[in-house]
Each structure stands twice: as C-alpha cells, then as structure tokens.
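First the structure, in the form of structure tokens, and then the observations on it.
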Protein chains: 2
Amino acid sequence: MSHQESHNTQSNIAYAIILAGGSGTRLWPLSRQSLPKQFIPLLGAETLLETTALRLAPTISHENITVITSKASATGEAMVHLAKYAKIIEPCARGTAPAIGIAAINATQQKNDPVLVVLPSDHVVTQVADFQTCLNAAIALANERETRHIVCFGITPTYPGTGYGYIKTDLTSYNQTHKPYVNVLAFKEKPDLVTAESFITEGNYFWNAGIFVARASTLLTAIKSYLPELDIVLSKIQQDIDDGIKFDVAVNSHFADAPTISMDHGVLEKIPSDSAGISLTLVPADIGWSDVGSWDSLYDVSNKDNDANVISGNVLTLNSTNLLINAGKRLVTAIGVDDLNVIDTPDALLITKRGESQNVKAIIELLQLRGSKEHIEHLTVQRPWGSYTVLEDAPSFKVKRINVLPGGRLSLQSHEHRSEHWVVVAGAATITCGEKQVVMHANESIFIPAREKHRLENHGTETITLIEVQVGGYLGEDDIKRYDDVYGRLSK
Amino acid sequence: MSHQESHNTQSNIAYAIILAGGSGTRLWPLSRQSLPKQFIPLLGAETLLETTALRLAPTISHENITVITSKASATGEAMVHLAKYAKIIEPCARGTAPAIGIAAINATQQKNDPVLVVLPSDHVVTQVADFQTCLNAAIALANERETRHIVCFGITPTYPGTGYGYIKTDLTSYNQTHKPYVNVLAFKEKPDLVTAESFITEGNYFWNAGIFVARASTLLTAIKSYLPELDIVLSKIQQDIDDGIKFDVAVNSHFADAPTISMDHGVLEKIPSDSAGISLTLVPADIGWSDVGSWDSLYDVSNKDNDANVISGNVLTLNSTNLLINAGKRLVTAIGVDDLNVIDTPDALLITKRGESQNVKAIIELLQLRGSKEHIEHLTVQRPWGSYTVLEDAPSFKVKRINVLPGGRLSLQSHEHRSEHWVVVAGAATITCGEKQVVMHANESIFIPAREKHRLENHGTETITLIEVQVGGYLGEDDIKRYDDVYGRLSK
C-alpha cells in the first residue's frame with residue numbers, strides 16, 4: 001500500500017480517533033449491545049464519549065475528532081450523541097486494528113500525514129490536567145521527524161489486577177520533568193495473579209490504557225510490517241480511493257475481509273523493542289484512569305459521600321454504606337445494607353455484592369439461554385430512524401412512544417392484525433396513510449386501519465414524539481410488511 | 001342498647017366478620033395506604049383477604065362472610081376483590097372495637113344472635129387443617145348456652161417476640177383432645193425483650209392472633225360493660241335501625257362519634273378472669289401463623305428453595321442465598337448476595353438486610369417529609385370508579401391507562417390547559433363530550449378539546465380500559481373543574 005510521507009514539525013497539532021465501536025455488556029443493565037456504555041452518562045450528565053472528547057480539549061478540538069463506530073451501534077440515541085463529530089461507520093465489527101487502519105487512511109486523505117491520538121471512548125480519567133500533560137508529551141514525541149514513535153499511555157498499577165494488559169518498560173533513563181517517557185520492552189497479555197504480583201514487585205510494568213499516539217504513516221507502516229493480512233485489505237481500500245471511489249464506499253466494499261484483531265495483539269506486541277523502523281515508547285500516566293470494566297471499578301473511581309456511598313438518581317438510604325446505586329426516576333430505597341452495587345433501569349434491576357460484579361457476564365449468558373432481550377436492547381429500542389419505547393404491553397393492545405429523529409423515515413408498511421392510533425405530541429410528522437399524505441403537529445391524531453399502507457417521516461428539524469396505541473388480536477413486531485425502506489429492511 | 005337474646009344450640013353454624021380496614025405500610029412498597037396488604041397477593045396468586053376466606057371453608061362459606069373495610073380502602077382494585085362478599089364500609093377509621101360493634105349489630109339484624117368469628121384479613125396461616133380444628137372447637141364453645149364465651153386464638157410462641165401482644169392462661173386443665181381450650185388470666189401488651197423471655201420461660205403465655213369467636217350478643221354485652229362510650233354510639237345506631245332507618249345510613253350518621261380503640265385494648269383486656277358474665281377462653285393454636293408484620297416475617301413463613309430463597313416474579317439469582325425477592329414483570333437479578341429482602345414494584349424498590357425490615361417505617365417517614373406519594377399510592381392509583389396508571393409523564397404530554405369498573409362514572413368535568421385523546425381498548429365506554437353522547441368500543445377514539453365538558457361512564461358489564469393522551473402546557477391533576485360527581489367530589 002502507498003501513503004504519503006510527512007515532515008510536519010509543528011509540535012502540538014494532532015487529530016483524535018475515538019474508538020466507539022464496542023458493544024460491551026460488562027456494565028449491564030445500563031450498558032447493552034444496542035446502546036453500549038460509551039453512549040451513556042455514567043458519572044454526571046455527560047456520556048463517556050463526550051467526556052473522552054472534552055478531556056482532549058484544549059489540545060484537540062471537536063472538529064479535529066473522528067469517531068469510529070459500528071453500523072450496529074450507529075442508531076437512534078447513539079447518533080444523537082455522535083452528531084457533532086466526524087464519523088466513520090464500520091460496516092461490521094473487526095476489532096481495533098482494522099478500525100485504526102481505515103481511520104489512518106481517512107486521516108491521510110484529509111491532512112498531510114497527521115499525528116493521530118487513538119483512544120477508547122468508554123474510559124474514565126479523573127485527573128484531566130495530568131492526562132493533558134501526558135497527551136502533549138506524547139504528541140511532541142510522535143511529531144519528531146528523526147524517529148517514528150508509537151507512544152503508548154502506561155498507567156501506574158495500583159494493585160496486581162488480572163484484568164489488564166501490562167507493558168514492560170525500561171525505566172533507567174526516566175525523568176518526569178526532562179524525559180517523561182520510557183522505552184517499551186514488551187507487551188504482556190492479561191496475567192494470572194502470581195504473574196501480576198511479580199510485575200508489581202518489579203516496578204517497571206504499566207497497565208496498557210489502550211491509548212496511543214503516532215503519525216498516520218507510522219501506524220500504516222506498522223500494520224504493513226506486522227499484520228500483512230490487514231494491509232492487503234487496506235491497500236484495496238486505498239486503491240479504490242486512488243481510483244476516485246469515495247472512502248465510505250471503498251470501506252464498505254472491502255472491510256469485511258479484514259481479520260478480526262486488536263491493534264495491541266495484531267501489531268504493537270509484535271514490534272521488537274530494538275526495531276530500527278519504529279520506536280515503541282511509553283508515557284507513564286498517573287491520571288486516575290479506569291476502563292470501567294465493572295460496576296466495582298466504577299465505584300472505585302467515583303466520589304463517595306459520608307457513608308462511602310456513590311448515589312445517583314431517586315434514592316433514599318438508611319444505615320447503609322459502601323453502596324453504588326445507579327437509579328433513574330424510579331425510587332430506590334435501601335435499609336441496613338452494605339457493599340452492594342444496585343443498578344436500576346426501566347426493565348431490569350441488578351444487585352451484586354461488591355467484588356462480584358464481574359459475574360454480570362454469567363447473568364448475560366442466562367438471559368441468552370432463556371431467549372430474553374434484556375441484555376441486547378433497552379426498554380427504549382434503538383432504530384436507524386430514532387427509537388421506540390413500549391409503555392404498556394397487554395394481550396389486546398400495546399402503547400408505544402415513538403421518537404423519529406430529523407431526517408428519519410420509517411418504512412412504508414402495513415400490518416395484517418392490528419390498527420394503530422397515532423397522537424403526535426411533539427414535532428411535525430409527515431404521515432402517509434393509504435393515498436393520503438398529511439403533516440401533523442402536536443395535539444393532532446390519526447387512525448391507521450389494519451392492512452392500510454402507511455409511513456411516518458420527519459422532514460422537520462425537531463424530533464417527532466408520537467404516542468401509538470395498537471389494537472388487535474396479534475401485536476408481535478413481526479406483523480409488518482415493508483414496501484419501501486431507506487435502511488434496506490424490505491420484506492422478502 | 002337493646003339486643004336479642006338467643007339460645008341457638010347448633011354447634012357449627014357461624015358467620016365470619018373479616019376485618020379489612022387496615023391501611024398498613026409495614027410491607028411497603030407492595031402494601032400502601034390506598035391498597036394495603038390484605039388486597040395484594042403475597043404468597044401465591046390469591047390476596048391475603050381471599051386466603052383468609054378460603055381457610056374458613058368448609059366451616060363458613062363465602063355467603064356467610066361479611067368484610068368490614070374503610071371508605072378510604074373501598075376503591076378500585078379493592079372493590080374488585082370485595083365483590084363476592086357482603087360488605088360493611090366504615091365511613092372513617094376508628095379501630096377494631098367500633099368496627100366489631102357495628103358488625104355485631106348488623107349480624108343481629110339478619111340472624112338470631114349468631115356466633116361470629118372475627119378475624120383479621122391480612123394474616124398468614126400455613127397449617128390450614130389445624131386452623132380448622134381450632135376454629136370448630138372455638139365455635140362449639142361460643143355456641144354453649146350455659147356460658148357466654150369469648151374465645152381467643154392463642155399462638156404458641158416460637159421466640160420471645162416483642163412485636164406481639166401476649167395472653168396469659170391457666171394451662172392446668174388443658175388437654176388437646178378432650179379439653180382443647182384454657183381460661184384466660186390476663187392480656188399483656190407488647191412486652192420488652194426481658195419480659196417476653198420470662199413469658200416464654202413460664203410457658204403459659206400465647207401470642208394474641210387477633211382472632212376471636214363469640215355470639216354477637218356476647219360481644220355487644222362486653223362492649224356495654226367495658227367500653228360504655230362506644231356503647232352510646234352503638235345504641236344510637238341501633239335506635240335508628242329500630243326506627244326504620246337503613247343500617248348504612250345509621251352507621252354514617254353516628255360512626256364518627258365512636259372512640260378510636262381496638263377490641264383487645266378497649267374491651268377484652270378489661271374483662272376480669274373471674275367475670276361471672278363472660279368467660280374469656282383461649283384455644284391454643286399451633287397453626288403456622290404469622291401476622292406478616294414485616295418482610296422478614298413473610299420470609300419466615302414462606303417455602304424456601306434449595307438456596308433458601310423465596311422468589312416470586314421475573315428473577316434470576318447467582319451465588320445468592322437467604323433472599324426474599326418479590327418481583328413482577330420487570331427482571332430482577334442478584335449476584336453473590338445473601339440475607340436480603342428485595343421488593344420491586346413499578347415505581348419503588350426496597351432493599352433491606354434481613355432483620356432490618358421493620359425500619360421500613362423510617363423510610364415512610366422520609367417519604368412523608370419530602371412530600372412524596374410513593375407510600376400512599378401505587379403507580380396504579382385507586383379511585384372510586386376504578387383506577388388509573390400514568391404510563392408516561394413528560395413536560396408537554398402525559399399518557400394514562402384508565403380502567404373504569406362496571407357501574408363506574410367519572411365526574412362531568414373540564415380542563416383549562418389540556419386536551420385529551422381517548423382510545424378505547426376494552427369494554428363499552430359511554431362518553432359525553434360537549435352536547436354529544438356516544439358509546440365507544442375497542443379500537444375507537446375521540447378527541448376532547450380543552451375546556452370542553454366531558455364524562456366517561458361504564459354502563460356495561462366489562463371493565464373499560466382506555467388510553468388517554470393528554471397534551472397541553474400544564475398537566476397537573478388539579479386542572480379539573482367538576483360539574484357533577486356521584487362520589488361527592490364537586491369543585492367549589
């Protein structure tokens with residue numbers, strides 16, 4: 001593959017690539033496949049994605065951030081959160097190496113071999129000023145013209161955690177003020193406890209925060225050298241672009257052929273510490289970092305009240321300590337309990353003993369076994385055009401709140417077994433019912449008889465909210481015949 | 001006051017008076033003032049009221065049961081549960097002595113001085129056959145013509161509980177087969193722990209189950225002798241009846257003048273053990289009884305699974321033991337927790353450590369202090385005509401499910417600030433809107449503009465279910481002007 005060489009010497013110009021394609025359920029029931037934790041406010045009012053972007057400022061402003069996410073995640077509420085960023089939508093999930101590869105190609109199209117800051121969208125950093133100091137040091141290194149650096153962020157371990165990858169370094173020449181970085185000797189996968197303890201004892205190991213900084217060309221060179229099967233795919237994409245095909249189209253044509261692998265495992269681990277071409281460097285980062293991989297770790301990084309509780313939402317506690325309670329509008333009360341995580345959502349509640357929250361995955365497996373959906377979708381179900389929430393589900397009727405984003409178009413459809421009553425409560429809804437098309441506003445309603453073709457569209461600038469009352473003998477989501485759909489979901 | 005003397009010698013004919021006027025919140029959040037625990041299924045599918053009635057069979061059939069409840073409780077869902085019984089509605093709450101007084105007068109009107117079995121509606125008895133044996137023994141005693149018995153049920157204490165009243169007895173002549181009853185020596189109010197322990201050691205003390213059996217005339221005589229201030233009120237009611245006034249009307253005229261006092265405290269405790277007129281007798285009752293005064297006590301009397309858990313509803317547990325989980329449709333999951341009560345309702349969740357559930361009252365006080373309603377009403381709010389449930393509450397719109405019982409009539413009303421869209425999903429709704437009156441069935445809808453007078457009535461035999469979408473700038477329940485109301489709730 002070809003890419004442009006660069007000799008940009010500005011020390012602080014960089015662009016961020018935020019990786020937001022994860023679909024983790026470790027923070028279930030708040031995080032679910034269809035709206036994972038990066039799109040959810042966990043600490044305070046902002047989503048983790050938004051706080052990730054905010055902590056890059058003032059070094060990297062919003063317009064220099066590109067978010068990469070998967071097609072599966074790029075629906076409804078997630079799209080609202082992504083609206084202000086440049087976006088790359090992966091057509092399918094292939095891990096971080098392919099995602100970073102196409103992001104580097106995309107950046108190279110737009111800028112002359114920029115320095116890229118690649119970072120996950122779903123981590124917590126409590127010491128933002130320290131993060132920014134590290135960030136600027138890393139960007140300065142990546143900007144050097146004499147050496148091709150890939151600069152990792154290394155978190156000083158606070159305990160022998162077995163849930164993190166470790167990076168072994170050479171600390172001999174480290175000086176926080178004058179040389180705030182070290183050479184990487186080796187990457188170590190998640191260790192067992194004994195190994196982790198030995199890492200802590202040795203003292204020159206850091207947690208791999210999954211944040212790294214390098215020129216686009218350096219990342220692509222590393223992929224070419226150490227992950228040739230991905231390079232083949234990236235080269236095809238680059239060739240299409242060189243042939244005048246749009247970036248998105250080129251990605252959609254070839255991305256599925258990429259191997260599923262992470263940047264750490266597929267590329268970085270393979271770079272020898274004495275590599276002549278690429279210098280693997282680490283900035284020790286004591287920044288109050290957490291990957292928020294469990295409710296226990298969210299508790300650890302949160303501010304506690306006088307009872308050592310971390311409380312959000314409508315909560316009353318009595319004689320209770322060391323609680324993480326994440327509630328919403330619904331009242332949650334606790335009496336005489338200690339060391340619990342309590343996560344309340346509209347359709348699912350989780351209670352775990354502190355220290356047991358990693359077993360959420362076992363609950364997810366049980367839900368899969370019984371064919372439930374609570375691990376996949378929230379009560380508010382995300383759709384390409386917006387979202388819907390079932391407010392009431394009875395044998396002979398169903399009530400939904402439907403939100404349609406500006407530009408959103410539901411398919412032209414009909415139902416065999418149910419009629420629908422629509423009451424618009426916000427926005428301007430363009431409604432097709434049979435041969436008729438009307439624009440309806442708040443406080444107007446329409447009846448859609450069974451078997452009538454109908455469609456709901458938002459040609460306005462405000463989100464439409466509509467209450468739908470379905471009446472019929474069968475109310476399953478599969479009673480739908482689609483005649484036209486802009487999202488490619490036609491009935492066969 | 002006057003009443004008829006009786007010399008009925010049949011040994012097993014009796015009538016039951018079930019006291020269902022309690023508005024307890026000790027089992028909050030499932031039990032609330034507007035729908036207390038007797039009207040809720042706690043163990044299995046039946047309400048406690050229904051299981052109370054079922055365990056009286058075969059001795060006392062449904063048609064020989066009268067339920068006394070308060071006007072405040074006799075709404076919506078409670079009325080559905082009460083439909084099959086004769087009812088006495090207390091116009092206000094005055095404790096058990098006045099309730100039993102009017103029930104005795106009512107019974108005397110209908111039967112010739114019947115034996116009455118008076119019992120609470122909200123207790124659990126797990127050994128039903130043993131209960132029935134005790135019941136028949138008590139009825140036989142109450143039927144005796146030579147002695148006027150008031151027969152109490154005495155529960156053999158299993159621990160020195162401080163939450164119960166105790167009854168001291170003379171066990172010397174007790175024989176389970178030939179003389180399964182004993183003389184009462186004294187009533188003891190809820191003791192402190194040391195006193196309770198001494199009661200257990202002495203061995204002749206029983207818990208007062210609040211169940212007693214006596215002829216109506218005996219109860220009225222006892223009230224006359226020991227609670228004359230109540231007798232004055234009962235005499236006025238009797239006089240009205242003798243003058244041809246209907247029982248309900250007479251009760252409504254005078255009941256508020258009755259003292260607020262329990263039968264135990266106001267009457268039974270005052271009867272000397274050597275009373276010539278009335279013999280206080282106790283049937284020792286080892287019947288698996290609980291007054292279900294707390295979530296802890298519900299756990300104690302419930303069947304446990306292999307993990308010693310008591311689970312109902314949509315629940316998944318993992319490595320968790322000694323739990324009481326009471327859930328509904330919403331998924332409740334627990335990981336690695338022990339010794340908890342978890343009570344999940346649509347608008348409030350309670351988690352308590354086992355042994356702490358009596359502190360629910362402190363949570364109720366906190367809710368009162370902050371002006372909340374979760375301790376008073378359920379999400380489904382009971383009304384004289386049925387109930388409503390808020391499905392969605394947003395600044396500019398509100399969605400409700402409204403259920404109107406057969407015969408129910410909402411007031412003729414109008415709203416200044418909101419319009420309403422009604423979609424009927426079940427039943428036949430007689431709807432007045434302005435000058436127009438229509439009968440609407442499932443899948444029909446109507447628009448009620450702001451300021452239009454309207455009314456909803458059920459002249460059918462099936463409960464109406466209707467989805468209401470309110471749209472307007474102000475959606476408070478107080479934006480209502482009532483022009484006519486069968487339940488006496490007119491606007492001033």
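Each chain of the structure tokens is named A, B, ... in the order shown, its residues numbered from 1; ligands are numbered from 1 in display order.
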As a VMD selection string, which residues of segment 292-334 of chain B does DSSP assign to strand (DSSP E or B)?
chain B and resid 310 to 312 315 to 318 321 324 to 326 331 to 334
Considering only C-alpha atoms, extract the chain B residues located within 9 Å of chain A and return them as a PyMOL selection string.
chain B and resi 316-318+329-338+340+344+346-357+359-360+362-363+366-367+374+391-392+396-397+399+401+419-421+423+425-426+442-445+447+467+469-472
Report as a PyMOL selection string all protein, DNA and RNA residues lying within 6 Å of segment 114-126 of chain A, evaluated on only C-alpha atoms, omitting residues in the same chain fewer than 3 positions from it.
chain A and resi 14-20+38+48-49+52+111+211-216+288-291
With distances taken over only C-alpha atoms, which residue among B:Gly427, B:Gly293, B:Pro36, B:Gly76 lies nearest Ser23 of chain B?
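Of the candidates, the smallest distance to Ser23 of chain B is held by B:Pro36.
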Using the chain letters and numbers from this document, which residues of segment 177-213 of chain A does DSSP assign to helix (DSSP H, G or I), as a list in words?
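Restricting segment 177-213 of chain A to helix (DSSP H, G or I) produces Leu193, Val194, Thr195, Ala196, Glu197, Ser198, Phe199, Ile200, Thr201 and Glu202 of chain A.
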Which value, in Å to one decimal, gives the distance between atom CA of Asp300 of chain B and atom CA of Ile364 of chain B?
23.1 Å
How far is it from atom CA of His149 of chain A to atom CA of Gln109 of chain A, in Å with one decimal?
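Separating atom CA of His149 of chain A from atom CA of Gln109 of chain A is a distance of 21.0 Å.
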